[in-house]
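Source file coords_1.pdb; content: PDB, C-alpha atoms.
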```
MODEL        1
ATOM      1  CA  MET A  96     -57.468  43.908   2.608
ATOM      2  CA  ASP A  97     -53.808  43.134   1.980
ATOM      3  CA  ILE A  98     -50.761  44.219   3.995
ATOM      4  CA  ASN A  99     -49.900  47.095   1.683
ATOM      5  CA  ALA A 100     -53.394  48.539   2.099
ATOM      6  CA  ILE A 101     -53.031  48.482   5.900
ATOM      7  CA  VAL A 102     -49.592  50.108   5.694
ATOM      8  CA  LYS A 103     -50.962  52.835   3.433
ATOM      9  CA  HIS A 104     -54.061  53.404   5.574
ATOM     10  CA  PHE A 105     -52.025  54.091   8.716
ATOM     11  CA  GLY A 106     -49.206  55.927   6.943
ATOM     12  CA  LEU A 107     -46.616  53.331   7.973
ATOM     13  CA  ALA A 108     -43.289  52.444   6.382
ATOM     14  CA  GLU A 109     -44.073  48.731   6.872
ATOM     15  CA  HIS A 110     -46.492  46.480   8.711
ATOM     16  CA  PRO A 111     -45.621  46.366  12.433
ATOM     17  CA  PHE A 112     -47.385  43.105  13.251
ATOM     18  CA  ILE A 113     -45.852  40.434  11.047
ATOM     19  CA  THR A 114     -44.869  37.300  12.977
ATOM     20  CA  SER A 115     -41.662  36.631  11.012
ATOM     21  CA  PRO A 116     -38.577  36.766  13.299
ATOM     22  CA  ASP A 117     -37.150  40.090  12.068
ATOM     23  CA  PRO A 118     -34.481  41.126  14.620
ATOM     24  CA  ARG A 119     -35.349  44.807  14.087
ATOM     25  CA  PHE A 120     -38.724  44.213  15.729
ATOM     26  CA  LEU A 121     -37.335  42.348  18.738
ATOM     27  CA  TYR A 122     -38.403  44.275  21.816
ATOM     28  CA  LEU A 123     -35.631  44.179  24.401
ATOM     29  CA  SER A 124     -37.572  43.341  27.527
ATOM     30  CA  SER A 125     -35.601  42.753  30.710
ATOM     31  CA  GLN A 126     -35.533  38.984  30.177
ATOM     32  CA  VAL A 127     -34.508  39.332  26.508
ATOM     33  CA  ARG A 128     -31.686  41.721  27.436
ATOM     34  CA  GLU A 129     -30.531  39.341  30.154
ATOM     35  CA  ALA A 130     -30.614  36.319  27.818
ATOM     36  CA  LEU A 131     -28.660  38.179  25.100
ATOM     37  CA  ALA A 132     -26.114  39.420  27.625
ATOM     38  CA  LYS A 133     -25.555  35.903  28.982
ATOM     39  CA  CYS A 134     -25.109  34.440  25.500
ATOM     40  CA  GLU A 135     -22.686  37.187  24.455
ATOM     41  CA  PHE A 136     -20.708  36.865  27.683
ATOM     42  CA  MET A 137     -20.440  33.066  27.381
ATOM     43  CA  ALA A 138     -19.372  33.309  23.734
ATOM     44  CA  ARG A 139     -16.867  36.103  24.305
ATOM     45  CA  ASP A 140     -15.181  34.417  27.255
ATOM     46  CA  ARG A 141     -15.657  30.855  25.903
ATOM     47  CA  ILE A 142     -17.149  29.776  29.208
ATOM     48  CA  GLY A 143     -19.490  27.064  28.077
ATOM     49  CA  PRO A 144     -22.546  26.003  26.080
ATOM     50  CA  ILE A 145     -26.101  27.226  26.640
ATOM     51  CA  TYR A 146     -29.548  25.790  26.125
ATOM     52  CA  MET A 147     -32.441  28.249  25.970
ATOM     53  CA  TYR A 148     -35.991  26.979  26.222
ATOM     54  CA  GLY A 149     -39.496  28.365  26.623
ATOM     55  CA  PRO A 150     -43.115  28.148  25.432
ATOM     56  CA  ILE A 151     -44.134  28.501  21.797
ATOM     57  CA  GLY A 152     -44.328  32.143  20.802
ATOM     58  CA  SER A 153     -42.126  33.496  23.595
ATOM     59  CA  GLY A 154     -39.696  35.142  21.143
ATOM     60  CA  LYS A 155     -36.828  32.627  21.157
ATOM     61  CA  THR A 156     -36.323  32.597  17.379
ATOM     62  CA  SER A 157     -36.227  36.403  17.160
ATOM     63  CA  LEU A 158     -33.736  36.411  20.021
ATOM     64  CA  VAL A 159     -31.391  33.887  18.403
ATOM     65  CA  ARG A 160     -31.583  35.815  15.115
ATOM     66  CA  ARG A 161     -30.583  38.985  16.973
ATOM     67  CA  LEU A 162     -27.727  37.100  18.655
ATOM     68  CA  HIS A 163     -26.535  35.812  15.273
ATOM     69  CA  GLU A 164     -26.723  39.294  13.792
ATOM     70  CA  LYS A 165     -24.848  40.912  16.680
ATOM     71  CA  LEU A 166     -22.043  38.353  16.990
ATOM     72  CA  SER A 167     -21.556  38.265  13.210
ATOM     73  CA  GLN A 168     -20.603  41.938  13.290
ATOM     74  CA  ASP A 169     -17.531  41.049  15.355
ATOM     75  CA  GLU A 170     -14.736  39.460  13.302
ATOM     76  CA  ARG A 171     -13.577  37.526  16.365
ATOM     77  CA  PHE A 172     -16.605  35.251  15.982
ATOM     78  CA  ASN A 173     -17.364  32.707  13.280
ATOM     79  CA  VAL A 174     -21.112  32.363  13.797
ATOM     80  CA  LYS A 175     -23.394  29.854  12.099
ATOM     81  CA  LEU A 176     -27.138  29.415  12.585
ATOM     82  CA  LEU A 177     -28.879  26.107  11.929
ATOM     83  CA  ILE A 178     -32.556  25.265  12.047
ATOM     84  CA  SER A 179     -32.632  21.794  13.600
ATOM     85  CA  PRO A 180     -33.110  19.475  10.626
ATOM     86  CA  ASN A 181     -35.018  16.205  10.509
ATOM     87  CA  LEU A 182     -31.903  14.044  10.660
ATOM     88  CA  LYS A 183     -31.839  10.729  12.474
ATOM     89  CA  SER A 184     -28.134   9.979  12.800
ATOM     90  CA  SER A 185     -25.391  11.857  14.587
ATOM     91  CA  ASN A 186     -23.182  11.335  11.526
ATOM     92  CA  ALA A 187     -25.643  13.212   9.296
ATOM     93  CA  PHE A 188     -25.848  16.019  11.844
ATOM     94  CA  LEU A 189     -22.051  16.215  12.113
ATOM     95  CA  ARG A 190     -21.745  16.461   8.341
ATOM     96  CA  LEU A 191     -24.302  19.277   8.282
ATOM     97  CA  VAL A 192     -22.451  21.189  11.007
ATOM     98  CA  MET A 193     -19.137  20.754   9.196
ATOM     99  CA  GLU A 194     -20.593  21.820   5.855
ATOM    100  CA  THR A 195     -22.056  24.898   7.567
ATOM    101  CA  PHE A 196     -18.564  25.822   8.785
ATOM    102  CA  ASP A 197     -17.067  24.907   5.372
ATOM    103  CA  VAL A 198     -15.047  22.021   6.808
ATOM    104  CA  LYS A 199     -14.272  19.000   4.607
ATOM    105  CA  THR A 200     -16.186  15.857   5.557
ATOM    106  CA  GLU A 201     -14.921  12.299   5.124
ATOM    107  CA  ARG A 202     -16.578   8.933   4.606
ATOM    108  CA  SER A 203     -15.431   7.866   8.033
ATOM    109  CA  TYR A 204     -17.215   9.384  11.032
ATOM    110  CA  ALA A 205     -13.950   9.362  13.014
ATOM    111  CA  ALA A 206     -12.064  11.055  10.158
ATOM    112  CA  SER A 207     -14.739  13.759   9.909
ATOM    113  CA  LEU A 208     -14.457  14.381  13.646
ATOM    114  CA  GLY A 209     -10.679  14.668  13.232
ATOM    115  CA  ASN A 210     -11.094  17.271  10.493
ATOM    116  CA  PHE A 211     -13.491  19.265  12.641
ATOM    117  CA  GLU A 212     -11.144  19.181  15.618
ATOM    118  CA  GLN A 213      -8.301  20.472  13.448
ATOM    119  CA  PHE A 214     -10.560  23.252  12.199
ATOM    120  CA  LEU A 215     -11.413  24.263  15.788
ATOM    121  CA  ILE A 216      -7.733  24.271  16.778
ATOM    122  CA  GLN A 217      -6.864  26.416  13.766
ATOM    123  CA  GLN A 218      -9.649  28.861  14.615
ATOM    124  CA  PHE A 219      -8.317  29.079  18.181
ATOM    125  CA  GLN A 220      -4.818  29.794  16.931
ATOM    126  CA  GLU A 221      -6.212  32.540  14.713
ATOM    127  CA  GLY A 222      -8.022  34.114  17.665
ATOM    128  CA  ARG A 223     -11.513  33.301  16.383
ATOM    129  CA  THR A 224     -14.389  31.669  18.253
ATOM    130  CA  PRO A 225     -16.691  29.351  16.277
ATOM    131  CA  VAL A 226     -20.253  29.698  17.558
ATOM    132  CA  LEU A 227     -22.961  27.211  16.581
ATOM    133  CA  LEU A 228     -26.551  28.390  17.110
ATOM    134  CA  VAL A 229     -29.228  25.717  16.704
ATOM    135  CA  ASP A 230     -32.873  26.848  16.610
ATOM    136  CA  GLU A 231     -35.830  24.458  17.048
ATOM    137  CA  ALA A 232     -33.434  22.227  18.958
ATOM    138  CA  GLN A 233     -36.311  20.406  20.674
ATOM    139  CA  TYR A 234     -36.342  18.153  17.606
ATOM    140  CA  MET A 235     -32.788  16.938  18.175
ATOM    141  CA  THR A 236     -32.537  13.235  18.867
ATOM    142  CA  ARG A 237     -30.641  11.616  21.710
ATOM    143  CA  GLU A 238     -27.909  10.645  19.229
ATOM    144  CA  GLN A 239     -27.520  14.248  18.083
ATOM    145  CA  LEU A 240     -27.350  15.449  21.676
ATOM    146  CA  LYS A 241     -24.650  12.829  22.274
ATOM    147  CA  LEU A 242     -22.677  14.412  19.449
ATOM    148  CA  VAL A 243     -23.096  17.839  21.094
ATOM    149  CA  HIS A 244     -21.803  16.286  24.316
ATOM    150  CA  TYR A 245     -18.797  14.891  22.440
ATOM    151  CA  LEU A 246     -18.038  18.192  20.703
ATOM    152  CA  LEU A 247     -17.843  19.858  24.101
ATOM    153  CA  ASN A 248     -14.705  17.788  24.721
ATOM    154  CA  PHE A 249     -12.847  19.887  22.148
ATOM    155  CA  GLU A 250     -11.098  22.306  24.487
ATOM    156  CA  THR A 251      -7.741  23.437  25.777
ATOM    157  CA  ASN A 252      -6.908  23.314  29.475
ATOM    158  CA  LYS A 253      -8.707  26.647  29.895
ATOM    159  CA  THR A 254     -10.842  27.291  26.835
ATOM    160  CA  LYS A 255     -13.772  25.765  24.968
ATOM    161  CA  LEU A 256     -12.950  25.571  21.267
ATOM    162  CA  LEU A 257     -16.602  25.597  20.173
ATOM    163  CA  GLN A 258     -19.432  27.631  21.682
ATOM    164  CA  ILE A 259     -22.878  26.057  21.284
ATOM    165  CA  VAL A 260     -26.283  27.618  21.910
ATOM    166  CA  LEU A 261     -29.315  25.320  21.605
ATOM    167  CA  VAL A 262     -32.680  27.092  21.408
ATOM    168  CA  GLY A 263     -36.039  25.378  21.523
ATOM    169  CA  GLN A 264     -39.385  24.768  23.131
ATOM    170  CA  GLU A 265     -39.847  23.505  26.680
ATOM    171  CA  GLU A 266     -39.315  19.949  25.450
ATOM    172  CA  LEU A 267     -35.650  20.836  24.862
ATOM    173  CA  GLY A 268     -35.209  21.635  28.538
ATOM    174  CA  THR A 269     -36.742  18.287  29.453
ATOM    175  CA  LYS A 270     -34.508  16.366  27.042
ATOM    176  CA  ILE A 271     -31.337  17.946  28.344
ATOM    177  CA  VAL A 272     -32.273  17.592  32.014
ATOM    178  CA  ASN A 273     -32.905  13.896  31.374
ATOM    179  CA  TYR A 274     -29.460  13.615  29.775
ATOM    180  CA  ARG A 275     -27.560  14.268  32.983
ATOM    181  CA  GLU A 276     -24.052  14.139  31.542
ATOM    182  CA  LEU A 277     -24.935  16.869  29.032
ATOM    183  CA  ALA A 278     -27.032  18.911  31.475
ATOM    184  CA  SER A 279     -24.095  19.094  33.878
ATOM    185  CA  ARG A 280     -21.995  20.819  31.197
ATOM    186  CA  MET A 281     -24.562  23.299  29.852
ATOM    187  CA  PHE A 282     -26.022  26.507  31.259
ATOM    188  CA  PRO A 283     -29.819  26.890  31.056
ATOM    189  CA  ILE A 284     -31.788  30.017  30.140
ATOM    190  CA  ALA A 285     -35.548  29.753  30.659
ATOM    191  CA  MET A 286     -37.759  32.126  28.671
ATOM    192  CA  SER A 287     -41.239  32.941  29.943
ATOM    193  CA  ALA A 288     -44.251  35.023  28.973
ATOM    194  CA  MET A 289     -44.067  38.820  29.095
ATOM    195  CA  SER A 290     -45.472  41.013  31.834
ATOM    196  CA  LEU A 291     -48.404  43.292  31.000
ATOM    197  CA  GLU A 292     -46.067  46.298  30.966
ATOM    198  CA  ASP A 293     -43.601  44.596  28.621
ATOM    199  CA  LEU A 294     -46.390  43.514  26.282
ATOM    200  CA  ARG A 295     -47.715  47.074  26.083
ATOM    201  CA  ASP A 296     -44.224  48.431  25.447
ATOM    202  CA  MET A 297     -43.553  45.757  22.800
ATOM    203  CA  ILE A 298     -46.662  46.746  20.836
ATOM    204  CA  GLN A 299     -45.661  50.424  20.979
ATOM    205  CA  PHE A 300     -42.055  49.603  20.036
ATOM    206  CA  ARG A 301     -43.170  47.720  16.918
ATOM    207  CA  LEU A 302     -45.383  50.632  15.881
ATOM    208  CA  ILE A 303     -42.467  53.057  16.258
ATOM    209  CA  VAL A 304     -40.158  50.811  14.191
ATOM    210  CA  ALA A 305     -42.849  50.723  11.488
ATOM    211  CA  GLY A 306     -43.162  54.524  11.502
ATOM    212  CA  ARG A 307     -46.116  55.296  13.780
ATOM    213  CA  SER A 308     -45.910  57.157  17.095
ATOM    214  CA  ASP A 309     -49.579  56.762  18.105
ATOM    215  CA  SER A 310     -50.644  53.891  20.343
ATOM    216  CA  LEU A 311     -52.621  50.890  19.144
ATOM    217  CA  PHE A 312     -55.286  51.674  21.733
ATOM    218  CA  GLU A 313     -56.162  55.247  22.723
ATOM    219  CA  GLY A 314     -58.512  56.990  25.127
ATOM    220  CA  THR A 315     -59.742  56.025  28.571
ATOM    221  CA  SER A 316     -60.344  52.398  27.569
ATOM    222  CA  ALA A 317     -56.756  51.824  26.383
ATOM    223  CA  GLU A 318     -55.603  50.252  29.649
ATOM    224  CA  ASP A 319     -58.567  47.871  29.703
ATOM    225  CA  ALA A 320     -57.832  46.918  26.084
ATOM    226  CA  TYR A 321     -54.233  46.057  26.915
ATOM    227  CA  ARG A 322     -55.347  44.038  29.930
ATOM    228  CA  LEU A 323     -57.760  42.105  27.725
ATOM    229  CA  LEU A 324     -55.031  41.517  25.134
ATOM    230  CA  TYR A 325     -52.691  40.279  27.855
ATOM    231  CA  ALA A 326     -55.296  37.943  29.345
ATOM    232  CA  TYR A 327     -56.212  36.511  25.942
ATOM    233  CA  THR A 328     -52.609  35.916  24.809
ATOM    234  CA  LYS A 329     -51.242  34.963  28.256
ATOM    235  CA  GLY A 330     -48.374  37.380  27.644
ATOM    236  CA  LEU A 331     -46.911  35.453  24.695
ATOM    237  CA  PRO A 332     -45.398  37.887  22.161
ATOM    238  CA  ARG A 333     -46.306  35.959  19.009
ATOM    239  CA  ASP A 334     -49.976  35.613  19.987
ATOM    240  CA  ALA A 335     -50.137  39.299  20.942
ATOM    241  CA  ILE A 336     -48.679  40.247  17.552
ATOM    242  CA  LYS A 337     -51.300  38.117  15.766
ATOM    243  CA  VAL A 338     -54.149  39.783  17.650
ATOM    244  CA  ALA A 339     -52.673  43.255  17.057
ATOM    245  CA  SER A 340     -52.478  42.433  13.351
ATOM    246  CA  LEU A 341     -56.159  41.492  13.329
ATOM    247  CA  ILE A 342     -57.057  44.695  15.196
ATOM    248  CA  SER A 343     -55.160  46.826  12.657
ATOM    249  CA  TYR A 344     -56.949  44.986   9.850
ATOM    250  CA  LEU A 345     -60.384  45.613  11.351
ATOM    251  CA  GLU A 346     -59.559  49.260  12.083
ATOM    252  CA  ALA A 347     -58.440  49.845   8.508
ATOM    253  CA  GLU A 348     -61.591  48.371   6.952
TER     254      GLU A 348
ENDMDL
END
```

Can you present the structure in this file as structure tokens?
Amino acid sequence: MDINAIVKHFGLAEHPFITSPDPRFLYLSSQVREALAKCEFMARDRIGPIYMYGPIGSGKTSLVRRLHEKLSQDERFNVKLLISPNLKSSNAFLRLVMETFDVKTERSYAASLGNFEQFLIQQFQEGRTPVLLVDEAQYMTREQLKLVHYLLNFETNKTKLLQIVLVGQEELGTKIVNYRELASRMFPIAMSAMSLEDLRDMIQFRLIVAGRSDSLFEGTSAEDAYRLLYAYTKGLPRDAIKVASLISYLEAE
């Protein structure tokens, strides 16, 4: 049975349990709201860079997509989202960042850095805040993190010229903590698994977004079903969504 058949069977507008990071389906649990609020506050007031880390499937990619979407609606921000590429040198990473912001690169690494600094100064003078979001940042090398550390030096006496948010798995947190000079300049946000209540509410929220008001589980056994789902998935949103998708498939057969 394909997705369209499931959607038709339940009278939905779309499938509620697809694991792609669609910001519309991001359930704003207390920790997600707090993480978004911190990122927005740091970007708005140019306070400093952030690194966000957590287990696989904890909703980090959906969160950073929502952050990108929200900040992009404000003309004061120049927001770019990168998926951490498989680049070995800091020069290659710098060129990618500059190309993303439409800044001219040069053959010389130092000249490229000079161009980027001038771009940041011009943005500051125009009242705009460049924001660089990097997802899957656990793959960044030490050399790339050194470049991030260097870019943090672009600032006035009171203001950071570039806001950076690195998002990745738990390995990212380990890498940054082990790079003490960088860790001392960044603010951490740790993402964790959902509570049982949040997981239940997330499932219901996704159903409502997709056009269904009924619960996934009904009757006297509903609470036991949610407890079983929580125990099996350990409260990780992505795993819960996968299981819910399988349940909807079996129910529709």

Can you list what the PyMOL selection byres ((chain A and resi 266) around 9) grabs from this structure, as a compact mmCIF listing (two decimals) with C-alpha atoms, in the coordinates of the input?
```
# COMPACT_ATOMS: atom_id res chain seq x y z
CA TYR A 148 -35.99 26.98 26.22
CA GLY A 149 -39.50 28.36 26.62
CA GLN A 233 -36.31 20.41 20.67
CA TYR A 234 -36.34 18.15 17.61
CA GLY A 263 -36.04 25.38 21.52
CA GLN A 264 -39.38 24.77 23.13
CA GLU A 265 -39.85 23.50 26.68
CA LEU A 267 -35.65 20.84 24.86
CA GLY A 268 -35.21 21.64 28.54
CA THR A 269 -36.74 18.29 29.45
CA LYS A 270 -34.51 16.37 27.04
CA ILE A 271 -31.34 17.95 28.34
```

Expand the PyMOL selection byres ((chain A and resi 292) around 10) into the explicit residue set it covers here, and present it as a PDB file with C-alpha atoms, in the coordinates of the input.
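Once written, out_14.pdb looks like this:
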```
ATOM      1  CA  SER A 124     -37.572  43.341  27.527  1.00  0.00           C
ATOM      2  CA  MET A 289     -44.067  38.820  29.095  1.00  0.00           C
ATOM      3  CA  SER A 290     -45.472  41.013  31.834  1.00  0.00           C
ATOM      4  CA  LEU A 291     -48.404  43.292  31.000  1.00  0.00           C
ATOM      5  CA  ASP A 293     -43.601  44.596  28.621  1.00  0.00           C
ATOM      6  CA  LEU A 294     -46.390  43.514  26.282  1.00  0.00           C
ATOM      7  CA  ARG A 295     -47.715  47.074  26.083  1.00  0.00           C
ATOM      8  CA  ASP A 296     -44.224  48.431  25.447  1.00  0.00           C
ATOM      9  CA  MET A 297     -43.553  45.757  22.800  1.00  0.00           C
ATOM     10  CA  TYR A 321     -54.233  46.057  26.915  1.00  0.00           C
ATOM     11  CA  ARG A 322     -55.347  44.038  29.930  1.00  0.00           C
ATOM     12  CA  TYR A 325     -52.691  40.279  27.855  1.00  0.00           C
ATOM     13  CA  GLY A 330     -48.374  37.380  27.644  1.00  0.00           C
TER      14      GLY A 330
END
```

Given the file shown, enumerate the residues that the PyMOL selection byres ((chain A and resi 235) around 9) captures and present them as a short mmCIF file (atom, residue, chain, number, x, y, z; two decimals) with C-alpha atoms, in the coordinates of the input.
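Contents of expr_1.cif, freshly written:
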```cif
data_model
loop_
_atom_site.label_atom_id
_atom_site.label_comp_id
_atom_site.auth_asym_id
_atom_site.auth_seq_id
_atom_site.Cartn_x
_atom_site.Cartn_y
_atom_site.Cartn_z
CA SER A 179 -32.63 21.79 13.60
CA PRO A 180 -33.11 19.48 10.63
CA ASN A 181 -35.02 16.20 10.51
CA LEU A 182 -31.90 14.04 10.66
CA LYS A 183 -31.84 10.73 12.47
CA GLU A 231 -35.83 24.46 17.05
CA ALA A 232 -33.43 22.23 18.96
CA GLN A 233 -36.31 20.41 20.67
CA TYR A 234 -36.34 18.15 17.61
CA THR A 236 -32.54 13.24 18.87
CA ARG A 237 -30.64 11.62 21.71
CA GLU A 238 -27.91 10.64 19.23
CA GLN A 239 -27.52 14.25 18.08
CA LEU A 240 -27.35 15.45 21.68
CA LEU A 267 -35.65 20.84 24.86
#
```

Hey, could you pull the box centre and edge lengths for region 301-318 of chain A, axis-aligned, 8 Å padding per side, all listed atoms, to one decimal in Å, as AutoDock Vina command-line options?
```
--center_x -50.3 --center_y 52.4 --center_z 20.6 --size_x 36.2 --size_y 25.4 --size_z 34.2
```

- Item | From A:Ala305, A:Ile259, A:Ala320, A:Leu162, residue lying nearest Leu227 (chain A) [only C-alpha atoms] | A:Ile259

- Who sits within 10 Å of Ala108 (chain A), all atoms listed in the file, same chain under 5 positions skipped, as a ChimeraX atom specification: /A:99,102-103,302-307

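The closest residue to Val127 (chain A), picked from A:Arg171, A:Lys155, A:Arg160, A:Lys255 and counting all atoms listed in the file, is A:Lys155.
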
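Minimum atom-to-atom distance to Ile216 (chain A), evaluated using all atoms listed in the file, belongs to A:Thr251 out of A:Ser310, A:Ser185, A:Thr251, A:Gln126.
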
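Each of A:Leu189, A:Leu215, A:Leu256, A:Ala339 was checked against Ser203 (chain A) using all atoms listed in the file; the smallest atom-to-atom distance is that of A:Leu189.
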
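CA of Gly152 (chain A) to CA of Ala288 (chain A) spans 8.7 Å [interatomic distance, one decimal].
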
- Shortest interatomic distance to Leu331 (chain A) - which of A:Glu194, A:Pro150, A:Ala317, A:Thr254, counting only C-alpha atoms: A:Pro150

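What separates CA of Thr200 (chain A) from CA of Phe219 (chain A) is a distance of 19.9 Å.
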
Do a neighbour search on Leu247 (chain A) at 12 Å with only C-alpha atoms, toss out local chain neighbours closer than 3 positions, and write the hits as a compact mmCIF listing (two decimals) with C-alpha atoms, in the coordinates of the input.
```txt
# COMPACT_ATOMS: atom_id res chain seq x y z
CA ARG A 141 -15.66 30.86 25.90
CA ILE A 142 -17.15 29.78 29.21
CA GLY A 143 -19.49 27.06 28.08
CA PRO A 144 -22.55 26.00 26.08
CA ILE A 145 -26.10 27.23 26.64
CA GLU A 212 -11.14 19.18 15.62
CA LEU A 215 -11.41 24.26 15.79
CA LEU A 227 -22.96 27.21 16.58
CA LEU A 240 -27.35 15.45 21.68
CA LYS A 241 -24.65 12.83 22.27
CA LEU A 242 -22.68 14.41 19.45
CA VAL A 243 -23.10 17.84 21.09
CA HIS A 244 -21.80 16.29 24.32
CA GLU A 250 -11.10 22.31 24.49
CA THR A 251 -7.74 23.44 25.78
CA THR A 254 -10.84 27.29 26.84
CA LYS A 255 -13.77 25.76 24.97
CA LEU A 256 -12.95 25.57 21.27
CA LEU A 257 -16.60 25.60 20.17
CA GLN A 258 -19.43 27.63 21.68
CA ILE A 259 -22.88 26.06 21.28
CA VAL A 260 -26.28 27.62 21.91
CA GLU A 276 -24.05 14.14 31.54
CA LEU A 277 -24.94 16.87 29.03
CA ALA A 278 -27.03 18.91 31.48
CA SER A 279 -24.10 19.09 33.88
CA ARG A 280 -22.00 20.82 31.20
CA MET A 281 -24.56 23.30 29.85
```

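Restricting the calculation to only C-alpha atoms, the smallest distance between Leu311 (chain A) and any of A:Asn273, A:Ser125, A:Leu208, A:Pro111 is found for A:Pro111.
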